[in-house]
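Structure file input14.json with JSON, C-alpha atoms and all ligand atoms:
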[["chain", "number", "residue", "atom", "x", "y", "z"],
["D", 210, "MET", "CA", -47.38, -20.09, -44.13],
["D", 211, "ALA", "CA", -47.44, -22.16, -40.96],
["D", 212, "HIS", "CA", -44.18, -23.13, -39.26],
["D", 213, "VAL", "CA", -43.44, -25.89, -36.74],
["D", 214, "THR", "CA", -42.93, -23.25, -34.01],
["D", 215, "ASP", "CA", -46.63, -22.34, -34.32],
["D", 216, "TYR", "CA", -47.49, -25.77, -32.90],
["D", 217, "ILE", "CA", -44.93, -26.03, -30.08],
["D", 218, "ARG", "CA", -45.77, -24.72, -26.61],
["D", 219, "THR", "CA", -43.45, -23.81, -23.77],
["D", 220, "ILE", "CA", -44.28, -24.93, -20.25],
["D", 221, "PRO", "CA", -42.42, -23.15, -17.43],
["D", 222, "ASP", "CA", -40.89, -25.01, -14.49],
["D", 223, "PHE", "CA", -41.18, -28.54, -15.93],
["D", 224, "PRO", "CA", -39.78, -30.96, -14.89],
["D", 225, "HIS", "CA", -37.91, -28.64, -12.49],
["D", 226, "GLU", "CA", -38.11, -25.01, -11.47],
["D", 227, "GLY", "CA", -36.36, -22.74, -13.96],
["D", 228, "ILE", "CA", -36.67, -25.10, -16.96],
["D", 229, "LEU", "CA", -38.69, -23.80, -19.92],
["D", 230, "PHE", "CA", -39.92, -27.10, -21.30],
["D", 231, "ARG", "CA", -40.55, -27.16, -25.07],
["D", 232, "ASP", "CA", -43.62, -29.37, -25.43],
["D", 233, "VAL", "CA", -44.02, -31.00, -28.86],
["D", 234, "THR", "CA", -47.11, -33.03, -27.95],
["D", 235, "THR", "CA", -49.17, -30.17, -29.41],
["D", 236, "LEU", "CA", -47.15, -30.39, -32.64],
["D", 237, "PHE", "CA", -47.62, -34.17, -32.85],
["D", 238, "ALA", "CA", -51.35, -33.88, -32.07],
["D", 239, "ASP", "CA", -52.03, -31.63, -35.03],
["D", 240, "ARG", "CA", -52.08, -33.34, -38.43],
["D", 241, "ASP", "CA", -50.70, -30.26, -40.20],
["D", 242, "GLY", "CA", -48.07, -29.76, -37.54],
["D", 243, "LEU", "CA", -46.96, -33.38, -37.64],
["D", 244, "ARG", "CA", -46.78, -33.32, -41.42],
["D", 245, "LEU", "CA", -44.74, -30.08, -41.39],
["D", 246, "ALA", "CA", -42.28, -31.66, -38.96],
["D", 247, "ILE", "CA", -41.88, -34.92, -40.88],
["D", 248, "GLU", "CA", -41.63, -33.23, -44.27],
["D", 249, "GLY", "CA", -39.14, -30.70, -42.90],
["D", 250, "LEU", "CA", -36.92, -33.50, -41.61],
["D", 251, "VAL", "CA", -37.24, -35.53, -44.82],
["D", 252, "GLU", "CA", -36.15, -32.44, -46.76],
["D", 253, "ALA", "CA", -33.24, -31.81, -44.37],
["D", 254, "CYS", "CA", -32.00, -35.35, -45.07],
["D", 255, "GLU", "CA", -32.31, -35.14, -48.85],
["D", 256, "GLY", "CA", -29.28, -36.54, -50.65],
["D", 257, "LEU", "CA", -27.98, -38.45, -47.63],
["D", 258, "GLN", "CA", -27.49, -42.18, -47.87],
["D", 259, "ILE", "CA", -29.38, -43.59, -44.88],
["D", 260, "ASP", "CA", -29.66, -47.32, -44.18],
["D", 261, "THR", "CA", -31.63, -47.02, -40.96],
["D", 262, "VAL", "CA", -33.13, -44.51, -38.53],
["D", 263, "ALA", "CA", -32.31, -44.63, -34.82],
["D", 264, "GLY", "CA", -34.66, -42.77, -32.47],
["D", 265, "LEU", "CA", -33.99, -41.57, -28.92],
["D", 266, "GLU", "CA", -36.67, -42.31, -26.31],
["D", 267, "ALA", "CA", -39.28, -41.03, -26.07],
["D", 268, "ARG", "CA", -40.25, -38.43, -28.63],
["D", 269, "GLY", "CA", -37.55, -39.56, -31.04],
["D", 270, "PHE", "CA", -39.60, -42.75, -31.45],
["D", 271, "ILE", "CA", -42.59, -40.88, -32.84],
["D", 272, "LEU", "CA", -40.50, -38.85, -35.28],
["D", 273, "GLY", "CA", -38.11, -41.68, -36.06],
["D", 274, "GLY", "CA", -40.85, -44.19, -36.91],
["D", 275, "ALA", "CA", -42.56, -41.76, -39.28],
["D", 276, "LEU", "CA", -39.24, -40.74, -40.85],
["D", 277, "ALA", "CA", -38.11, -44.32, -41.33],
["D", 278, "ASP", "CA", -41.33, -45.04, -43.17],
["D", 279, "ARG", "CA", -40.86, -41.99, -45.38],
["D", 280, "LEU", "CA", -37.20, -42.81, -46.08],
["D", 281, "GLY", "CA", -37.93, -46.48, -46.73],
["D", 282, "THR", "CA", -35.74, -47.78, -43.90],
["D", 283, "GLY", "CA", -36.17, -49.71, -40.67],
["D", 284, "PHE", "CA", -36.19, -48.16, -37.20],
["D", 285, "VAL", "CA", -33.95, -48.88, -34.21],
["D", 286, "PRO", "CA", -34.89, -47.67, -30.69],
["D", 287, "ILE", "CA", -32.33, -46.24, -28.26],
["D", 288, "ARG", "CA", -34.05, -46.63, -24.91],
["D", 289, "LYS", "CA", -33.70, -45.54, -21.32],
["D", 290, "LYS", "CA", -31.91, -48.11, -19.14],
["D", 291, "GLY", "CA", -33.72, -51.36, -18.39],
["D", 292, "LYS", "CA", -36.37, -51.22, -21.12],
["D", 293, "LEU", "CA", -34.90, -53.30, -23.95],
["D", 294, "PRO", "CA", -35.48, -57.06, -23.62],
["D", 295, "GLY", "CA", -32.38, -58.40, -25.39],
["D", 296, "ARG", "CA", -28.65, -58.07, -24.71],
["D", 297, "THR", "CA", -27.69, -54.40, -24.62],
["D", 298, "ILE", "CA", -24.81, -51.96, -24.52],
["D", 299, "GLY", "CA", -25.27, -48.87, -22.34],
["D", 300, "GLN", "CA", -24.02, -45.31, -22.17],
["D", 301, "SER", "CA", -24.59, -42.79, -19.35],
["D", 302, "TYR", "CA", -24.87, -39.05, -19.94],
["D", 303, "LYS", "CA", -25.72, -35.72, -18.30],
["D", 304, "LEU", "CA", -28.92, -33.76, -19.01],
["D", 305, "GLU", "CA", -29.93, -30.12, -18.64],
["D", 306, "TYR", "CA", -31.70, -31.43, -15.51],
["D", 307, "GLY", "CA", -30.04, -34.58, -14.24],
["D", 308, "GLU", "CA", -28.29, -37.76, -15.29],
["D", 309, "ALA", "CA", -29.48, -40.84, -17.20],
["D", 310, "GLU", "CA", -28.38, -43.88, -19.21],
["D", 311, "VAL", "CA", -29.51, -45.09, -22.63],
["D", 312, "GLU", "CA", -29.19, -48.55, -24.14],
["D", 313, "LEU", "CA", -29.15, -50.18, -27.55],
["D", 314, "HIS", "CA", -29.55, -53.87, -28.43],
["D", 315, "ASP", "CA", -26.06, -55.14, -29.19],
["D", 316, "ASP", "CA", -27.27, -56.70, -32.46],
["D", 317, "ALA", "CA", -29.40, -53.75, -33.60],
["D", 318, "LEU", "CA", -26.83, -52.38, -36.07],
["D", 319, "HIS", "CA", -23.95, -53.75, -38.08],
["D", 320, "GLN", "CA", -20.53, -52.58, -39.19],
["D", 321, "GLY", "CA", -20.68, -49.75, -41.72],
["D", 322, "GLN", "CA", -24.44, -49.24, -41.51],
["D", 323, "LYS", "CA", -25.36, -45.59, -42.15],
["D", 324, "VAL", "CA", -27.64, -44.26, -39.42],
["D", 325, "LEU", "CA", -29.80, -41.15, -39.09],
["D", 326, "LEU", "CA", -30.15, -40.29, -35.38],
["D", 327, "VAL", "CA", -33.46, -38.58, -34.52],
["D", 328, "ASP", "CA", -34.88, -36.81, -31.49],
["D", 329, "ASP", "CA", -37.36, -34.01, -30.87],
["D", 330, "LEU", "CA", -34.96, -31.61, -29.21],
["D", 331, "LEU", "CA", -31.26, -30.82, -28.89],
["D", 332, "ALA", "CA", -30.27, -29.08, -25.63],
["D", 333, "THR", "CA", -26.84, -29.82, -24.15],
["D", 334, "GLY", "CA", -26.32, -32.61, -26.66],
["D", 335, "GLY", "CA", -25.65, -35.15, -23.92],
["D", 336, "THR", "CA", -28.44, -37.51, -24.99],
["D", 337, "ALA", "CA", -27.51, -37.39, -28.66],
["D", 338, "GLU", "CA", -23.82, -37.84, -27.87],
["D", 339, "ALA", "CA", -24.66, -40.94, -25.83],
["D", 340, "GLY", "CA", -26.74, -42.25, -28.76],
["D", 341, "ILE", "CA", -23.87, -41.59, -31.18],
["D", 342, "LYS", "CA", -21.43, -43.45, -28.92],
["D", 343, "LEU", "CA", -23.73, -46.50, -28.79],
["D", 344, "ILE", "CA", -24.19, -46.50, -32.58],
["D", 345, "GLU", "CA", -20.44, -46.18, -33.17],
["D", 346, "ARG", "CA", -19.62, -48.90, -30.61],
["D", 347, "LEU", "CA", -21.51, -51.30, -32.91],
["D", 348, "GLY", "CA", -19.39, -50.17, -35.87],
["D", 349, "ALA", "CA", -22.17, -48.20, -37.55],
["D", 350, "GLU", "CA", -21.83, -44.61, -38.78],
["D", 351, "VAL", "CA", -24.00, -41.59, -37.86],
["D", 352, "VAL", "CA", -24.58, -39.70, -41.12],
["D", 353, "ALA", "CA", -26.65, -36.95, -39.50],
["D", 354, "CYS", "CA", -28.47, -36.02, -36.30],
["D", 355, "ALA", "CA", -31.93, -34.54, -36.90],
["D", 356, "PHE", "CA", -34.10, -32.62, -34.44],
["D", 357, "ILE", "CA", -37.20, -30.45, -34.49],
["D", 358, "ILE", "CA", -35.76, -27.95, -31.98],
["D", 359, "ASP", "CA", -32.19, -26.80, -31.33],
["D", 360, "LEU", "CA", -31.94, -24.89, -28.03],
["D", 361, "LYS", "CA", -28.89, -23.01, -29.26],
["D", 362, "ASP", "CA", -27.81, -21.49, -25.93],
["D", 363, "LEU", "CA", -27.29, -24.94, -24.43],
["D", 364, "GLY", "CA", -24.47, -25.83, -26.83],
["D", 365, "GLY", "CA", -25.62, -29.15, -28.25],
["D", 366, "ARG", "CA", -25.00, -28.25, -31.87],
["D", 367, "LYS", "CA", -21.47, -27.06, -31.07],
["D", 368, "LEU", "CA", -20.77, -30.29, -29.23],
["D", 369, "LEU", "CA", -22.03, -32.56, -32.01],
["D", 370, "GLU", "CA", -20.47, -30.53, -34.84],
["D", 371, "GLY", "CA", -17.24, -30.45, -32.86],
["D", 372, "LEU", "CA", -17.33, -34.26, -32.92],
["D", 373, "GLY", "CA", -17.65, -34.05, -36.72],
["D", 374, "HIS", "CA", -21.38, -34.69, -37.05],
["D", 375, "ARG", "CA", -23.91, -33.07, -39.33],
["D", 376, "VAL", "CA", -26.77, -31.49, -37.34],
["D", 377, "GLU", "CA", -30.18, -30.65, -38.82],
["D", 378, "ALA", "CA", -32.89, -28.80, -36.90],
["D", 379, "LEU", "CA", -36.14, -27.16, -37.97],
["D", 380, "CYS", "CA", -36.21, -24.35, -35.40],
["D", 381, "ALA", "CA", -34.42, -22.82, -32.42],
["B", 1, "LIG", "C1", -35.39, -34.50, -23.76],
["B", 1, "LIG", "C2", -35.37, -34.49, -25.27],
["B", 1, "LIG", "C3", -34.03, -35.06, -25.60],
["B", 1, "LIG", "C4", -33.16, -34.56, -24.45],
["B", 1, "LIG", "C5", -32.29, -33.43, -24.93],
["B", 1, "LIG", "O1", -35.70, -35.77, -23.32],
["B", 1, "LIG", "O2", -36.43, -35.25, -25.81],
["B", 1, "LIG", "O3", -34.02, -36.49, -25.63],
["B", 1, "LIG", "O4", -34.05, -34.12, -23.43],
["B", 1, "LIG", "O5", -31.47, -32.95, -23.92],
["B", 1, "LIG", "P1", -29.88, -32.89, -24.05],
["B", 1, "LIG", "O6", -29.55, -32.39, -25.42],
["B", 1, "LIG", "O7", -29.47, -31.92, -22.96],
["B", 1, "LIG", "O8", -29.35, -34.25, -23.79],
["B", 1, "LIG", "P2", -35.77, -36.15, -21.78],
["B", 1, "LIG", "O9", -34.40, -36.46, -21.28],
["B", 1, "LIG", "O10", -36.53, -35.08, -21.06],
["B", 1, "LIG", "O11", -36.50, -37.55, -21.73],
["B", 1, "LIG", "P3", -37.94, -38.06, -22.23],
["B", 1, "LIG", "O12", -37.86, -38.08, -23.74],
["B", 1, "LIG", "O13", -38.04, -39.43, -21.68],
["B", 1, "LIG", "O14", -38.98, -37.11, -21.73],
["B", 2, "LIG", "N1", -34.64, -31.50, -22.81],
["B", 2, "LIG", "C1", -33.68, -30.77, -22.25],
["B", 2, "LIG", "N2", -34.08, -29.51, -22.10],
["B", 2, "LIG", "C2", -35.35, -29.44, -22.55],
["B", 2, "LIG", "C3", -36.30, -28.41, -22.67],
["B", 2, "LIG", "N3", -36.02, -27.17, -22.28],
["B", 2, "LIG", "N4", -37.50, -28.70, -23.20],
["B", 2, "LIG", "C4", -37.77, -29.96, -23.60],
["B", 2, "LIG", "N5", -36.91, -30.98, -23.51],
["B", 2, "LIG", "C5", -35.71, -30.71, -22.99]]

Transcribe the structure of this file into structure tokens.
Amino acid sequence: MAHVTDYIRTIPDFPHEGILFRDVTTLFADRDGLRLAIEGLVEACEGLQIDTVAGLEARGFILGGALADRLGTGFVPIRKKGKLPGRTIGQSYKLEYGEAEVELHDDALHQGQKVLLVDDLLATGGTAEAGIKLIERLGAEVVACAFIIDLKDLGGRKLLEGLGHRVEALCA
């Protein structure tokens, strides 16, 4: 039986020398691959009460939109700095290869709302941690963080679980 890993390719030295970039565009481009990914994530979230899905730019938007539709919720984007048109809150973070800041509209979530945070890949966990901080600053609760890939050696799962969060991933 096919697995999501069959559809993901690794590109060496992108975006910097020494980085093995896990490219999910080939997974998204294939209808069977995309379905495997979405169904795998829906299954991983079974039994959780989720009011809304928040996706991390950029590939978390593709997964998050599809998942929100499948779960019957809305979708909230967490974007790179300077992209959201309304009033925002921001959070900076460190990456495997650099530094960045993400933002969330300050009225995107409300107190007590249960949020599923989605991205394609977990590496150091810096991006997801920044997303969690933004969600929690608005009084909402992260019920789980869901990814296609967990690059285990980079420690993201440990970081997020250490903060008390449930982490779901379809492959390493
Ligand atoms: C990748 C990936 C995650 C992040 C994970 O995105 O899609 O968002 O890195 O890394 P971390 O766990 O170490 O924080 P990237 O920052 O390359 O941005 P992009 O989606 O705009 O390409
Ligand atoms: N984000 C951080 N590290 C990455 C990697 N190795 N491949 C794809 N996205 C990443």

Exercise: residues within 10 Å of coordinate (-35.6, -39.6, -36.0), counting only C-alpha atoms, as a PyMOL selection string: chain D and resi 247+250-251+261-265+268-277+284-286+324-329+353-357

Can you find the residues with an atom no farther than 7 Å from (-23.1, -54.5, -32.0), counting all atoms listed in the file, and report them as a PDB file with C-alpha atoms, keeping the file's coordinate frame?
ATOM      1  CA  ASP D 315     -26.060 -55.140 -29.190  1.00  0.00           C
ATOM      2  CA  ASP D 316     -27.270 -56.700 -32.460  1.00  0.00           C
ATOM      3  CA  ALA D 317     -29.400 -53.750 -33.600  1.00  0.00           C
ATOM      4  CA  LEU D 318     -26.830 -52.380 -36.070  1.00  0.00           C
ATOM      5  CA  HIS D 319     -23.950 -53.750 -38.080  1.00  0.00           C
ATOM      6  CA  ARG D 346     -19.620 -48.900 -30.610  1.00  0.00           C
ATOM      7  CA  LEU D 347     -21.510 -51.300 -32.910  1.00  0.00           C
ATOM      8  CA  GLY D 348     -19.390 -50.170 -35.870  1.00  0.00           C
TER       9      GLY D 348
END

Collect all residues with atoms no farther than 8 Å from ligand LIG 1 (chain B), counting only C-alpha atoms and all ligand atoms, and output them as an mmCIF file with C-alpha atoms, keeping the file's coordinate frame.
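And here is the file that came out, part.cif:
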data_model
loop_
_atom_site.group_PDB
_atom_site.id
_atom_site.type_symbol
_atom_site.label_atom_id
_atom_site.label_comp_id
_atom_site.auth_asym_id
_atom_site.auth_seq_id
_atom_site.Cartn_x
_atom_site.Cartn_y
_atom_site.Cartn_z
ATOM 1 C CA LEU D 265 -33.990 -41.570 -28.920
ATOM 2 C CA GLU D 266 -36.670 -42.310 -26.310
ATOM 3 C CA ALA D 267 -39.280 -41.030 -26.070
ATOM 4 C CA ARG D 268 -40.250 -38.430 -28.630
ATOM 5 C CA GLY D 269 -37.550 -39.560 -31.040
ATOM 6 C CA LYS D 289 -33.700 -45.540 -21.320
ATOM 7 C CA TYR D 302 -24.870 -39.050 -19.940
ATOM 8 C CA LYS D 303 -25.720 -35.720 -18.300
ATOM 9 C CA LEU D 304 -28.920 -33.760 -19.010
ATOM 10 C CA GLU D 305 -29.930 -30.120 -18.640
ATOM 11 C CA TYR D 306 -31.700 -31.430 -15.510
ATOM 12 C CA ALA D 309 -29.480 -40.840 -17.200
ATOM 13 C CA ASP D 328 -34.880 -36.810 -31.490
ATOM 14 C CA ASP D 329 -37.360 -34.010 -30.870
ATOM 15 C CA LEU D 330 -34.960 -31.610 -29.210
ATOM 16 C CA LEU D 331 -31.260 -30.820 -28.890
ATOM 17 C CA ALA D 332 -30.270 -29.080 -25.630
ATOM 18 C CA THR D 333 -26.840 -29.820 -24.150
ATOM 19 C CA GLY D 334 -26.320 -32.610 -26.660
ATOM 20 C CA GLY D 335 -25.650 -35.150 -23.920
ATOM 21 C CA THR D 336 -28.440 -37.510 -24.990
ATOM 22 C CA ALA D 337 -27.510 -37.390 -28.660
ATOM 23 C CA GLU D 338 -23.820 -37.840 -27.870
ATOM 24 C CA LEU D 363 -27.290 -24.940 -24.430
ATOM 25 C CA GLY D 365 -25.620 -29.150 -28.250
#

Show me, as AutoDock Vina command-line options, the centre and edge lengths in Å to one decimal of the axis-aligned box that covers every listed atom of range 254-273 of chain D with 3 Å on each side.
--center_x -35.0 --center_y -41.2 --center_z -38.4 --size_x 21.1 --size_y 18.2 --size_z 30.6

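Note that atom N2 of ligand LIG 2 (chain B) and CA of Ala349 in chain D are 27.0 Å apart.
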
Using all atoms listed in the file: which of D:Pro221, D:Gly371, D:Pro294, D:Gly299 has the shortest distance to ligand LIG 2 (chain B): D:Pro221

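When only C-alpha atoms are used to measure the gap to Ala253 in chain D, the shortest distance among D:Ala211, D:Leu236, D:Ile344, D:Leu280 belongs to D:Leu280.
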
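Nearest to Cys254 in chain D of all the residues D:Lys323, D:Leu368, D:Val352, D:Val213 is D:Val352, based on all atoms listed in the file.
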
In Å, with one decimal, what is the gap from CA of Leu379 in chain D to CA of Gln258 in chain D?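 For CA of Leu379 in chain D relative to CA of Gln258 in chain D, the distance reads 20.0 Å.
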
Closest of D:Arg218, D:Val376, D:Asp232, D:Ile358 to Ala246 in chain D, counting all atoms listed in the file, is D:Ile358

In terms of the shortest atom-to-atom distance over all atoms listed in the file, which of D:Glu312, D:Asp241, D:Asp215, D:Glu345 is closest to Lys290 in chain D? D:Glu312

I'd like to know which of D:Arg231, D:Arg279, D:Arg288, D:Arg375 is closest to ligand LIG 2 (chain B), using only C-alpha atoms and all ligand atoms. D:Arg231

Report the distance between CA of Gly364 in chain D and CA of Leu293 in chain D in Å, rounded to one decimal place. 29.5 Å
